[in-house]
$ cat coords_25.txt   # compact mmCIF, C-alpha atoms and all ligand atoms
# COMPACT_ATOMS: atom_id res chain seq x y z
CA MET E 1 97.70 133.28 72.36
CA LYS E 2 100.49 133.33 69.80
CA ILE E 3 103.80 134.68 71.21
CA ARG E 4 103.70 137.59 68.78
CA ASN E 5 100.26 138.53 70.15
CA ILE E 6 101.58 138.52 73.71
CA LEU E 7 104.31 140.97 72.72
CA VAL E 8 101.87 143.22 70.85
CA ALA E 9 99.50 143.18 73.83
CA ALA E 10 102.33 144.03 76.22
CA LEU E 11 103.46 146.95 74.04
CA ALA E 12 99.90 148.22 73.80
CA VAL E 13 99.58 148.23 77.60
CA VAL E 14 102.84 150.17 77.90
CA ALA E 15 101.69 152.69 75.29
CA LEU E 16 98.29 153.16 76.93
CA THR E 17 99.59 153.59 80.45
CA GLY E 18 102.51 155.66 79.31
CA CYS E 19 104.88 153.79 81.56
CA SER E 20 106.99 150.67 81.37
CA GLN E 21 106.45 149.41 84.91
CA LYS E 22 107.98 145.97 85.30
CA GLU E 23 105.63 143.09 86.02
CA ASP E 24 106.25 141.62 89.46
CA TYR E 25 107.37 137.99 89.15
CA THR E 26 108.45 137.58 92.76
CA TRP E 27 105.93 134.78 93.08
CA VAL E 28 107.70 132.85 90.30
CA LYS E 29 111.11 133.26 91.92
CA ASN E 30 109.70 132.33 95.30
CA GLY E 31 108.14 129.16 93.86
CA ILE E 32 111.38 128.11 92.23
CA ASP E 33 113.50 128.89 95.28
CA ARG E 34 111.26 127.01 97.65
CA ALA E 35 110.96 124.07 95.26
CA THR E 36 114.71 123.83 94.75
CA SER E 37 115.44 123.86 98.44
CA GLN E 38 112.71 121.30 99.21
CA LEU E 39 113.87 118.97 96.44
CA LEU E 40 117.51 119.11 97.51
CA TRP E 41 116.60 118.50 101.13
CA THR E 42 114.55 115.47 100.09
CA ALA E 43 117.33 114.12 97.87
CA GLU E 44 119.71 114.34 100.78
CA GLU E 45 117.34 112.59 103.17
CA ILE E 46 116.55 109.80 100.72
CA GLY E 47 120.27 109.24 100.28
CA GLU E 48 121.21 105.82 98.95
CA THR E 49 117.97 104.01 99.79
CA GLY E 50 117.18 103.56 96.08
CA LYS E 51 113.64 104.79 96.76
CA ILE E 52 111.59 107.69 95.37
CA PRO E 53 109.53 110.13 97.47
CA ARG E 54 105.87 109.80 96.48
CA SER E 55 103.66 111.53 99.09
CA THR E 56 102.97 111.45 102.82
CA TRP E 57 101.07 108.88 104.83
CA ALA E 58 97.59 110.03 105.76
CA GLY E 59 94.51 108.47 107.28
CA TYR E 60 90.87 109.03 106.43
CA ASP E 61 87.67 109.77 108.23
CA GLU E 62 85.03 107.19 107.39
CA GLN E 63 82.10 109.57 107.70
CA MET E 64 83.78 112.13 105.48
CA LEU E 65 84.26 109.42 102.85
CA GLU E 66 80.60 108.48 103.11
CA ARG E 67 79.58 112.11 102.56
CA GLN E 68 81.97 112.66 99.65
CA LEU E 69 81.03 109.42 97.92
CA ASN E 70 77.36 109.75 98.84
CA ARG E 71 77.32 106.05 99.72
CA GLU E 72 77.21 103.98 102.86
CA PHE E 73 80.49 102.78 104.30
CA ALA E 74 79.58 99.12 103.72
CA THR E 75 79.48 99.72 99.94
CA PHE E 76 83.13 100.78 99.69
CA LYS E 77 84.84 99.47 102.83
CA ASP E 78 86.41 96.53 100.98
CA SER E 79 88.14 98.90 98.52
CA LEU E 80 89.86 100.89 101.25
CA ARG E 81 93.63 100.61 101.46
CA LYS E 82 95.08 99.62 104.80
CA LYS E 83 95.49 102.54 107.17
CA ALA E 84 99.08 103.50 107.88
CA ALA E 85 100.45 102.79 111.34
CA PRO E 86 99.89 105.79 113.67
CA GLU E 87 103.63 106.46 113.94
CA MET E 88 103.82 106.81 110.13
CA MET E 89 101.10 109.47 109.85
CA GLY E 90 102.34 112.60 108.13
CA LYS E 91 105.70 111.00 107.32
CA ARG E 92 107.17 110.81 103.84
CA ARG E 93 105.85 107.91 101.78
CA LEU E 94 108.52 106.30 99.61
CA ALA E 95 108.05 104.13 96.53
CA THR E 96 110.16 101.76 94.47
CA VAL E 97 111.19 102.64 90.94
CA TYR E 98 108.40 100.38 89.64
CA ASP E 99 105.75 102.65 91.13
CA TRP E 100 103.90 104.70 88.50
CA THR E 101 105.12 107.92 90.12
CA SER E 102 108.85 107.12 90.05
CA GLY E 103 109.71 109.52 87.20
CA PHE E 104 108.35 112.64 88.86
CA PHE E 105 110.96 113.29 91.53
CA PRO E 106 113.89 113.05 89.10
CA GLY E 107 111.84 115.12 86.64
CA SER E 108 111.24 117.85 89.23
CA LEU E 109 114.98 117.94 89.91
CA TRP E 110 115.57 118.38 86.16
CA TYR E 111 113.23 121.38 86.09
CA ALA E 112 114.94 122.86 89.16
CA TYR E 113 118.26 122.43 87.35
CA GLU E 114 116.86 124.02 84.21
CA PHE E 115 115.75 127.07 86.22
CA THR E 116 118.81 127.53 88.40
CA GLY E 117 121.68 125.94 86.49
CA ARG E 118 122.97 124.59 89.82
CA GLU E 119 125.40 121.68 89.51
CA ASP E 120 124.30 120.10 92.82
CA VAL E 121 120.72 119.95 91.52
CA LYS E 122 121.92 118.42 88.25
CA ALA E 123 123.91 115.77 90.14
CA ALA E 124 120.81 114.83 92.15
CA ALA E 125 118.69 114.74 88.95
CA GLU E 126 121.19 112.39 87.32
CA LYS E 127 121.42 110.17 90.36
CA PHE E 128 117.64 109.68 90.69
CA THR E 129 117.15 109.31 86.93
CA ASN E 130 119.75 106.55 86.76
CA LEU E 131 117.81 104.59 89.39
CA LEU E 132 115.05 104.13 86.81
CA LEU E 133 117.13 102.27 84.23
CA PRO E 134 115.52 98.87 85.10
CA VAL E 135 112.11 100.39 84.38
CA SER E 136 113.02 100.46 80.69
CA HIS E 137 112.88 96.64 80.78
CA TYR E 138 109.57 96.54 82.63
CA THR E 139 106.38 95.49 80.83
CA LYS E 140 103.69 95.30 83.49
CA THR E 141 102.18 98.77 83.31
CA HIS E 142 101.13 101.46 80.86
CA ASP E 143 102.67 104.10 83.12
CA LEU E 144 106.04 103.64 81.44
CA GLY E 145 105.53 106.96 79.68
CA PHE E 146 105.17 108.87 82.94
CA MET E 147 108.10 107.00 84.46
CA ILE E 148 110.67 107.25 81.68
CA ASN E 149 109.62 110.41 79.86
CA CYS E 150 109.60 112.59 82.98
CA SER E 151 113.01 111.27 84.09
CA TYR E 152 115.05 110.25 81.04
CA GLY E 153 113.03 112.46 78.70
CA ASN E 154 114.04 115.56 80.65
CA ALA E 155 117.60 114.25 80.97
CA LEU E 156 117.77 114.01 77.19
CA ARG E 157 116.56 117.59 76.87
CA LEU E 158 118.90 119.09 79.46
CA ALA E 159 121.96 116.83 79.56
CA PRO E 160 121.89 114.82 76.33
CA CYS E 161 124.02 111.71 76.15
CA ASP E 162 124.00 108.95 73.58
CA THR E 163 122.72 106.20 75.86
CA ILE E 164 119.38 107.92 76.59
CA PRO E 165 117.65 107.41 73.20
CA GLU E 166 118.12 103.67 73.58
CA VAL E 167 116.38 103.76 76.98
CA ILE E 168 113.45 105.71 75.54
CA VAL E 169 113.05 103.50 72.48
CA ARG E 170 113.29 100.27 74.50
CA THR E 171 110.62 101.58 76.88
CA ALA E 172 108.44 102.54 73.90
CA ASP E 173 108.79 98.98 72.57
CA ASN E 174 107.56 97.67 75.91
CA LEU E 175 104.69 100.16 76.01
CA CYS E 176 103.69 99.15 72.47
CA GLY E 177 103.77 95.53 73.63
CA ARG E 178 100.59 96.43 75.51
CA PHE E 179 98.87 97.70 72.33
CA ASP E 180 96.01 95.67 70.89
CA LYS E 181 95.40 96.31 67.20
CA GLU E 182 91.86 95.00 67.24
CA ILE E 183 90.88 97.26 70.12
CA GLY E 184 93.03 100.18 69.03
CA CYS E 185 94.37 100.92 72.51
CA ILE E 186 97.25 100.35 74.88
CA ARG E 187 96.16 98.27 77.87
CA SER E 188 96.41 100.22 81.12
CA TRP E 189 96.25 97.79 84.03
CA ASP E 190 96.95 94.11 84.58
CA PHE E 191 94.86 93.90 87.76
CA GLY E 192 91.09 93.85 88.30
CA GLU E 193 88.25 92.04 86.59
CA TRP E 194 88.12 94.09 83.41
CA ASN E 195 88.85 92.39 80.09
CA PHE E 196 90.98 95.24 78.72
CA PRO E 197 90.95 98.37 80.89
CA VAL E 198 92.03 101.69 79.45
CA ILE E 199 92.12 104.74 81.70
CA ILE E 200 92.08 108.36 80.58
CA ASP E 201 95.45 108.79 82.35
CA ASN E 202 96.97 106.71 79.57
CA MET E 203 96.86 109.74 77.27
CA MET E 204 99.86 110.96 79.24
CA ASN E 205 102.01 108.04 78.12
CA LEU E 206 101.81 108.99 74.45
CA ASP E 207 104.52 111.66 74.58
CA LEU E 208 107.07 108.89 75.09
CA LEU E 209 105.91 107.22 71.87
CA PHE E 210 106.15 110.43 69.84
CA SER E 211 109.62 110.92 71.23
CA ALA E 212 110.64 107.33 70.34
CA SER E 213 109.55 107.86 66.73
CA LYS E 214 111.64 111.00 66.46
CA LEU E 215 114.67 109.35 68.04
CA SER E 216 114.51 106.11 66.07
CA GLY E 217 113.09 107.35 62.78
CA ASN E 218 110.48 104.59 63.10
CA PRO E 219 106.92 105.97 62.64
CA TYR E 220 105.34 102.93 64.33
CA TYR E 221 105.40 104.38 67.86
CA ALA E 222 103.66 107.58 66.80
CA GLU E 223 101.10 105.51 64.84
CA VAL E 224 100.24 103.56 67.99
CA ALA E 225 99.92 106.83 69.91
CA LYS E 226 97.51 108.25 67.31
CA ILE E 227 95.36 105.11 67.18
CA HIS E 228 95.16 105.09 70.99
CA ALA E 229 94.20 108.77 71.07
CA ASN E 230 91.53 108.24 68.38
CA THR E 231 89.94 105.28 70.15
CA THR E 232 89.98 107.14 73.47
CA MET E 233 88.37 110.17 71.81
CA LYS E 234 85.57 107.91 70.61
CA HIS E 235 84.75 106.11 73.83
CA HIS E 236 85.98 107.98 76.89
CA PHE E 237 84.05 111.24 76.51
CA ARG E 238 80.51 112.12 77.42
CA GLU E 239 78.41 114.65 75.58
CA ASP E 240 79.37 117.37 78.07
CA MET E 241 83.09 116.62 77.39
CA THR E 242 83.77 115.20 80.83
CA SER E 243 85.45 111.81 80.64
CA TYR E 244 84.98 108.40 82.15
CA HIS E 245 87.97 107.21 84.12
CA VAL E 246 88.02 103.58 82.95
CA VAL E 247 86.71 102.17 79.67
CA SER E 248 87.16 98.43 79.31
CA TYR E 249 86.97 96.75 75.92
CA ASN E 250 85.92 93.33 74.69
CA PRO E 251 88.42 91.48 72.46
CA ASP E 252 86.56 92.66 69.32
CA GLY E 253 86.93 96.32 70.33
CA THR E 254 83.38 96.85 71.58
CA VAL E 255 83.00 98.48 74.98
CA GLU E 256 82.69 96.11 77.92
CA ARG E 257 82.18 98.70 80.69
CA LYS E 258 82.56 102.39 81.49
CA GLN E 259 83.42 103.08 85.10
CA THR E 260 85.36 105.03 87.62
CA HIS E 261 88.17 103.81 89.83
CA GLN E 262 89.33 106.97 91.55
CA GLY E 263 86.35 109.24 91.02
CA GLN E 264 83.15 109.83 92.99
CA SER E 265 80.92 107.66 90.78
CA ASP E 266 80.92 106.04 87.36
CA ASP E 267 79.21 109.13 85.93
CA SER E 268 81.17 111.79 87.76
CA ALA E 269 84.01 113.99 86.54
CA TRP E 270 87.11 112.99 88.50
CA ALA E 271 89.24 116.15 88.53
CA ARG E 272 92.60 114.67 87.61
CA GLY E 273 91.06 112.61 84.82
CA GLN E 274 89.82 115.80 83.16
CA ALA E 275 93.32 117.26 83.47
CA TRP E 276 95.01 114.19 81.98
CA GLY E 277 92.63 114.41 79.04
CA VAL E 278 93.25 118.05 78.16
CA TYR E 279 97.01 117.69 78.54
CA GLY E 280 97.02 114.52 76.41
CA TYR E 281 95.10 115.98 73.48
CA ALA E 282 97.07 119.25 73.49
CA ALA E 283 100.25 117.14 73.31
CA CYS E 284 98.83 115.05 70.45
CA TYR E 285 98.12 118.24 68.51
CA ARG E 286 101.64 119.54 69.19
CA GLU E 287 103.12 116.29 67.87
CA THR E 288 100.86 115.67 64.88
CA GLY E 289 99.30 118.98 63.83
CA ASP E 290 95.98 117.12 63.57
CA GLU E 291 93.23 119.70 64.19
CA ALA E 292 90.88 117.04 65.61
CA TYR E 293 93.14 116.76 68.67
CA LEU E 294 93.21 120.52 69.12
CA ALA E 295 89.42 120.70 68.86
CA GLN E 296 89.17 117.98 71.52
CA ALA E 297 91.60 119.80 73.82
CA VAL E 298 89.69 123.07 73.37
CA LYS E 299 86.38 121.43 74.26
CA ILE E 300 87.86 119.79 77.37
CA ALA E 301 89.59 123.02 78.44
CA ASP E 302 86.36 125.01 78.07
CA MET E 303 84.51 122.38 80.08
CA ILE E 304 87.14 122.52 82.85
CA MET E 305 86.98 126.31 83.03
CA SER E 306 83.21 126.25 83.34
CA ARG E 307 82.97 123.32 85.76
CA VAL E 308 85.63 124.29 88.31
CA THR E 309 83.76 126.43 90.79
CA THR E 310 86.43 127.28 93.35
CA GLU E 311 87.56 130.89 93.64
CA ASP E 312 91.25 130.04 93.34
CA ALA E 313 90.74 127.69 90.34
CA ILE E 314 92.13 124.70 92.28
CA PRO E 315 89.46 122.04 91.77
CA TYR E 316 87.85 119.79 94.31
CA TRP E 317 88.99 116.17 93.90
CA ASP E 318 85.90 115.42 91.77
CA TYR E 319 83.70 118.03 90.08
CA ASP E 320 80.60 116.17 91.23
CA ALA E 321 81.61 115.74 94.87
CA PRO E 322 79.41 117.59 97.36
CA GLU E 323 81.05 120.94 98.00
CA SER E 324 81.74 122.05 101.53
CA GLU E 325 84.61 123.11 103.78
CA GLU E 326 85.70 119.49 104.10
CA THR E 327 85.82 118.68 100.37
CA PRO E 328 89.45 117.88 99.52
CA ARG E 329 91.14 119.80 96.72
CA ASP E 330 93.42 118.35 94.09
CA ALA E 331 96.37 120.64 93.43
CA SER E 332 97.83 118.01 91.09
CA ALA E 333 94.85 118.33 88.72
CA ALA E 334 95.28 122.10 88.73
CA ALA E 335 99.00 121.87 87.93
CA VAL E 336 98.41 119.47 85.01
CA THR E 337 95.63 121.73 83.69
CA ALA E 338 97.91 124.78 83.90
CA CYS E 339 100.53 122.99 81.77
CA ALA E 340 97.96 122.12 79.12
CA LEU E 341 96.33 125.54 79.02
CA LEU E 342 99.66 127.34 78.71
CA GLU E 343 100.56 125.16 75.75
CA MET E 344 97.14 125.71 74.21
CA SER E 345 97.43 129.47 74.62
CA THR E 346 99.93 129.36 71.77
CA MET E 347 97.79 127.10 69.59
CA VAL E 348 94.55 129.05 69.17
CA GLU E 349 93.68 132.61 68.24
CA ASP E 350 91.79 133.35 71.46
CA GLY E 351 94.48 131.74 73.62
CA GLU E 352 94.55 134.69 76.06
CA LYS E 353 91.74 133.08 78.05
CA TYR E 354 93.79 129.91 78.53
CA PHE E 355 96.89 131.88 79.44
CA ALA E 356 94.94 133.93 82.00
CA TYR E 357 93.34 130.86 83.56
CA ALA E 358 96.66 129.02 83.79
CA GLU E 359 98.29 132.10 85.33
CA LYS E 360 95.52 132.21 87.92
CA ILE E 361 96.14 128.55 88.80
CA LEU E 362 99.88 129.15 89.04
CA LYS E 363 99.47 132.17 91.29
CA SER E 364 97.17 130.15 93.56
CA LEU E 365 99.63 127.24 93.71
CA SER E 366 102.47 129.68 94.41
CA SER E 367 100.63 131.22 97.36
CA ASP E 368 101.12 130.12 100.96
CA ALA E 369 97.82 128.28 100.73
CA TYR E 370 99.44 125.59 98.55
CA LEU E 371 103.20 126.20 98.37
CA ALA E 372 104.85 124.63 101.40
CA ALA E 373 107.19 126.64 103.60
CA GLU E 374 110.82 125.56 103.42
CA GLY E 375 111.63 122.69 105.75
CA THR E 376 107.98 121.52 106.01
CA ASN E 377 105.69 119.17 104.06
CA GLU E 378 108.27 116.35 104.26
CA GLY E 379 110.22 118.09 101.50
CA PHE E 380 107.41 118.17 98.93
CA VAL E 381 106.71 121.43 97.13
CA LEU E 382 102.91 121.66 97.11
CA MET E 383 100.24 120.78 99.64
CA HIS E 384 96.60 119.70 99.16
CA SER E 385 96.36 117.04 96.50
CA THR E 386 94.24 113.93 96.45
CA GLY E 387 95.42 110.55 95.19
CA SER E 388 92.43 108.22 95.42
CA LEU E 389 89.61 109.19 97.75
CA PRO E 390 87.45 106.09 97.16
CA HIS E 391 90.39 103.99 98.35
CA GLY E 392 90.97 106.21 101.38
CA SER E 393 94.40 106.80 99.92
CA GLU E 394 96.46 110.00 99.86
CA ILE E 395 93.70 112.44 100.73
CA ASP E 396 94.79 116.06 101.15
CA VAL E 397 98.50 115.32 100.94
CA PRO E 398 101.49 116.39 98.87
CA LEU E 399 102.02 114.29 95.72
CA ASN E 400 105.22 114.16 93.69
CA TYR E 401 103.29 114.62 90.44
CA ALA E 402 101.64 117.82 91.68
CA ASP E 403 105.18 119.14 92.23
CA TYR E 404 106.39 117.96 88.83
CA TYR E 405 103.57 119.53 86.82
CA TYR E 406 103.75 122.74 88.89
CA LEU E 407 107.38 123.13 87.87
CA GLU E 408 106.64 122.20 84.27
CA ALA E 409 103.87 124.81 84.21
CA LEU E 410 106.21 127.44 85.68
CA GLN E 411 108.71 126.61 82.94
CA ARG E 412 106.06 126.97 80.22
CA TYR E 413 104.84 130.21 81.78
CA MET E 414 108.34 131.71 81.93
CA ASN E 415 109.01 130.76 78.32
CA LEU E 416 105.79 132.45 77.23
CA VAL E 417 106.35 135.69 79.11
CA GLY E 418 110.02 135.65 78.21
CA ILE E 419 111.67 135.62 81.61
CA THR E 420 114.50 133.52 83.02
CA TYR E 421 115.28 132.69 86.63
CA ALA E 422 118.58 134.58 86.42
CA GLU E 423 116.71 137.82 85.69
CA LEU E 424 114.25 137.50 88.57
N1 LIG E 501 97.51 107.81 87.08
C1 LIG E 501 96.99 107.63 88.38
C2 LIG E 501 96.43 108.86 88.97
O1 LIG E 501 96.25 109.87 88.30
O2 LIG E 501 96.13 108.82 90.15

$ encode --input "coords_25.txt" --output "structure tokens"
Amino acid sequence: MKIRNILVAALAVVALTGCSQKEDYTWVKNGIDRATSQLLWTAEEIGETGKIPRSTWAGYDEQMLERQLNREFATFKDSLRKKAAPEMMGKRRLATVYDWTSGFFPGSLWYAYEFTGREDVKAAAEKFTNLLLPVSHYTKTHDLGFMINCSYGNALRLAPCDTIPEVIVRTADNLCGRFDKEIGCIRSWDFGEWNFPVIIDNMMNLDLLFSASKLSGNPYYAEVAKIHANTTMKHHFREDMTSYHVVSYNPDGTVERKQTHQGQSDDSAWARGQAWGVYGYAACYRETGDEAYLAQAVKIADMIMSRVTTEDAIPYWDYDAPESEETPRDASAAAVTACALLEMSTMVEDGEKYFAYAEKILKSLSSDAYLAAEGTNEGFVLMHSTGSLPHGSEIDVPLNYADYYYLEALQRYMNLVGITYAEL
């Protein structure tokens, strides 16, 4: 919904009810307060280790995996990650700066600083962002966009300094080093038996390229982003607008294989993959104004809203997983979806439906069912996300990217309704 329409709608409600009762945003303030305190506590505990908090260590129940994957244990046992030592269970899981999730903790601190204006939060954001400087020289993953845009990208927005553009452009050069002209995509992974794997998640790395073009004046980075988005639009989506997780290409650009890696089956709709897709195409429309990207985002968003069957709008880890009490949720997918839908609510005439759905997600995530109490959850903000169920990894745990996109969504929400933390 266009901002002007929100204002007109709000005025109409006031006129009809004859009162100007203030909307209750306690849940927003509560979310920000809890997040800020959890993030600061974590920053203090991590101290000078040079590590980044990623999630918590969790085990898995083999029979539950069999039921969720609808396969016998023998068919997936070799893919399972090693179980954590019993004394590690439930403890904070740390990662190095080369982990794909390294940008999210500094990014969350940046959002907490943006909300509160607190200098201690800003100092922590700067400290953890600076740890990622070596990542701008790294070439072995496509996740450079996540890593550098969420950390340095937010730093540039909130505490600009003249060394940051260089970091972003150098990282973009390295990301473009993974681009194959013939195939028309950026290579995602360097492991596995695929010839040239591209995962839907890679749509999230394109924002860094758009940013590099604006900072450098060189259109090449944005061109690569557009070609990648176009190729992905052609091959990753099924007729029902759900997406494959992995599409691998032959050297001549034909498709080698379409598969899953983290979803229930090759043909299933892995929840976070759907969220990466809608966020990615909404961002491409924001950056290019190309209506084809908006149309794609709209179709994915409508599919998500019709396929997510849970009452609180927080999806199960895969839309095609058997639904029961034991089916793990993925709060991270919900948070990413909320970000995308809030942005889209300003892009289309009937954006109210996206705004309302995103608000519903945010209220669910801000409830005690998902928002951790202060001093719990090993310092993470949200509970109940799923990293990779087929690998027995990070099932029903906090994840630093769920926290990051929750805060980003809160920021987008507050901008749309026109409130600031100071007024709450
Ligand atoms: N990009 C990896 C994931 O979504 O789990």

$ closest_residue --input "coords_25.txt" --among "E:Lys83, E:His261, E:Arg178, E:Lys363" --to "ligand LIG 501 (chain E)" --atoms "all atoms listed in the file"
E:His261

$ closest_residue --input "coords_25.txt" --among "E:Val417, E:Cys161, E:Ala283, E:Ser393" --to "Glu62 (chain E)" --atoms "all atoms listed in the file"
E:Ser393

$ residues_near_ligand --input "coords_25.txt" --ligand "ligand LIG 501 (chain E)" --cutoff "7 Å" --atoms "only C-alpha atoms and all ligand atoms" --output "JSON, numbers by chain"
{"E": [201, 272, 273, 387, 388]}

$ atom_distance --input "coords_25.txt" --atom1 "CA of Glu256 (chain E)" --atom2 "CA of Lys234 (chain E)"
14.2 Å

$ closest_residue --input "coords_25.txt" --among "E:Ala112, E:Ala212, E:Gln63, E:Tyr293" --to "Gln411 (chain E)" --atoms "all atoms listed in the file"
E:Ala112

$ residues_near_point --input "coords_25.txt" --point "(86.0, 117.0, 104.2)" --cutoff "9 Å" --atoms "only C-alpha atoms" --output "PyMOL selection string"
chain E and resi 61+64-65+67-68+323-328

$ closest_residue --input "coords_25.txt" --among "E:Ser243, E:Glu352, E:Glu423, E:Ser345" --to "Ile300 (chain E)" --atoms "all atoms listed in the file"
E:Ser243

$ closest_residue --input "coords_25.txt" --among "E:Pro160, E:Pro251, E:Pro197, E:Pro219" --to "Glu182 (chain E)" --atoms "only C-alpha atoms"
E:Pro251

$ atom_distance --input "coords_25.txt" --atom1 "CA of Ile168 (chain E)" --atom2 "CA of Thr36 (chain E)"
26.4 Å

$ atom_distance --input "coords_25.txt" --atom1 "CA of Lys91 (chain E)" --atom2 "CA of Leu365 (chain E)"
22.0 Å

$ closest_residue --input "coords_25.txt" --among "E:Thr116, E:Thr42, E:Thr75, E:Gln262" --to "Lys29 (chain E)" --atoms "only C-alpha atoms"
E:Thr116

$ residues_around --input "coords_25.txt" --residues "Glu359 (chain E)" --least-positions-apart "5" --cutoff "9 Å" --atoms "all atoms listed in the file" --output "ChimeraX atom specification"
/E:338,342,354,364,413

$ decode --input "coords_25.txt" --residues "region 292-307 of chain E" --atoms "N, CA, C and O atoms" --output "CSV table (one decimal), in the first residue's frame"
chain,number,residue,atom,x,y,z
E,292,ALA,N,9.0,-6.8,-14.3
E,292,ALA,CA,9.0,-8.3,-14.4
E,292,ALA,C,9.4,-8.8,-13.0
E,292,ALA,O,8.9,-9.8,-12.5
E,293,TYR,N,10.3,-8.1,-12.3
E,293,TYR,CA,10.7,-8.5,-11.0
E,293,TYR,C,9.5,-8.3,-10.0
E,293,TYR,O,9.3,-9.2,-9.1
E,294,LEU,N,8.8,-7.3,-10.1
E,294,LEU,CA,7.7,-7.0,-9.2
E,294,LEU,C,6.6,-8.1,-9.4
E,294,LEU,O,6.1,-8.7,-8.5
E,295,ALA,N,6.4,-8.4,-10.7
E,295,ALA,CA,5.4,-9.5,-11.0
E,295,ALA,C,5.8,-10.8,-10.4
E,295,ALA,O,5.0,-11.5,-9.8
E,296,GLN,N,7.1,-11.1,-10.4
E,296,GLN,CA,7.6,-12.3,-9.9
E,296,GLN,C,7.4,-12.3,-8.3
E,296,GLN,O,6.9,-13.3,-7.8
E,297,ALA,N,7.8,-11.2,-7.7
E,297,ALA,CA,7.6,-11.1,-6.3
E,297,ALA,C,6.2,-11.3,-5.9
E,297,ALA,O,5.9,-11.9,-4.9
E,298,VAL,N,5.3,-10.7,-6.6
E,298,VAL,CA,3.8,-10.7,-6.3
E,298,VAL,C,3.4,-12.2,-6.4
E,298,VAL,O,2.7,-12.7,-5.5
E,299,LYS,N,3.8,-12.9,-7.4
E,299,LYS,CA,3.3,-14.3,-7.6
E,299,LYS,C,3.9,-15.2,-6.4
E,299,LYS,O,3.2,-16.0,-5.9
E,300,ILE,N,5.1,-14.9,-6.0
E,300,ILE,CA,5.7,-15.7,-4.9
E,300,ILE,C,5.0,-15.4,-3.6
E,300,ILE,O,4.7,-16.2,-2.8
E,301,ALA,N,4.8,-14.1,-3.4
E,301,ALA,CA,4.1,-13.7,-2.1
E,301,ALA,C,2.7,-14.3,-2.0
E,301,ALA,O,2.3,-14.8,-1.0
E,302,ASP,N,2.0,-14.3,-3.1
E,302,ASP,CA,0.6,-14.8,-3.1
E,302,ASP,C,0.7,-16.3,-2.9
E,302,ASP,O,-0.2,-16.9,-2.1
E,303,MET,N,1.7,-17.0,-3.4
E,303,MET,CA,1.9,-18.4,-3.2
E,303,MET,C,2.1,-18.6,-1.7
E,303,MET,O,1.5,-19.5,-1.1
E,304,ILE,N,3.1,-17.9,-1.1
E,304,ILE,CA,3.4,-18.1,0.3
E,304,ILE,C,2.2,-17.9,1.2
E,304,ILE,O,1.9,-18.7,2.0
E,305,MET,N,1.4,-16.8,0.9
E,305,MET,CA,0.2,-16.6,1.7
E,305,MET,C,-0.8,-17.7,1.6
E,305,MET,O,-1.6,-17.9,2.5
E,306,SER,N,-0.9,-18.3,0.4
E,306,SER,CA,-1.9,-19.4,0.3
E,306,SER,C,-1.3,-20.7,0.8
E,306,SER,O,-2.1,-21.6,1.3
E,307,ARG,N,0.0,-20.9,0.8
E,307,ARG,CA,0.5,-22.2,1.2
E,307,ARG,C,0.9,-22.4,2.7
E,307,ARG,O,1.0,-23.5,3.2
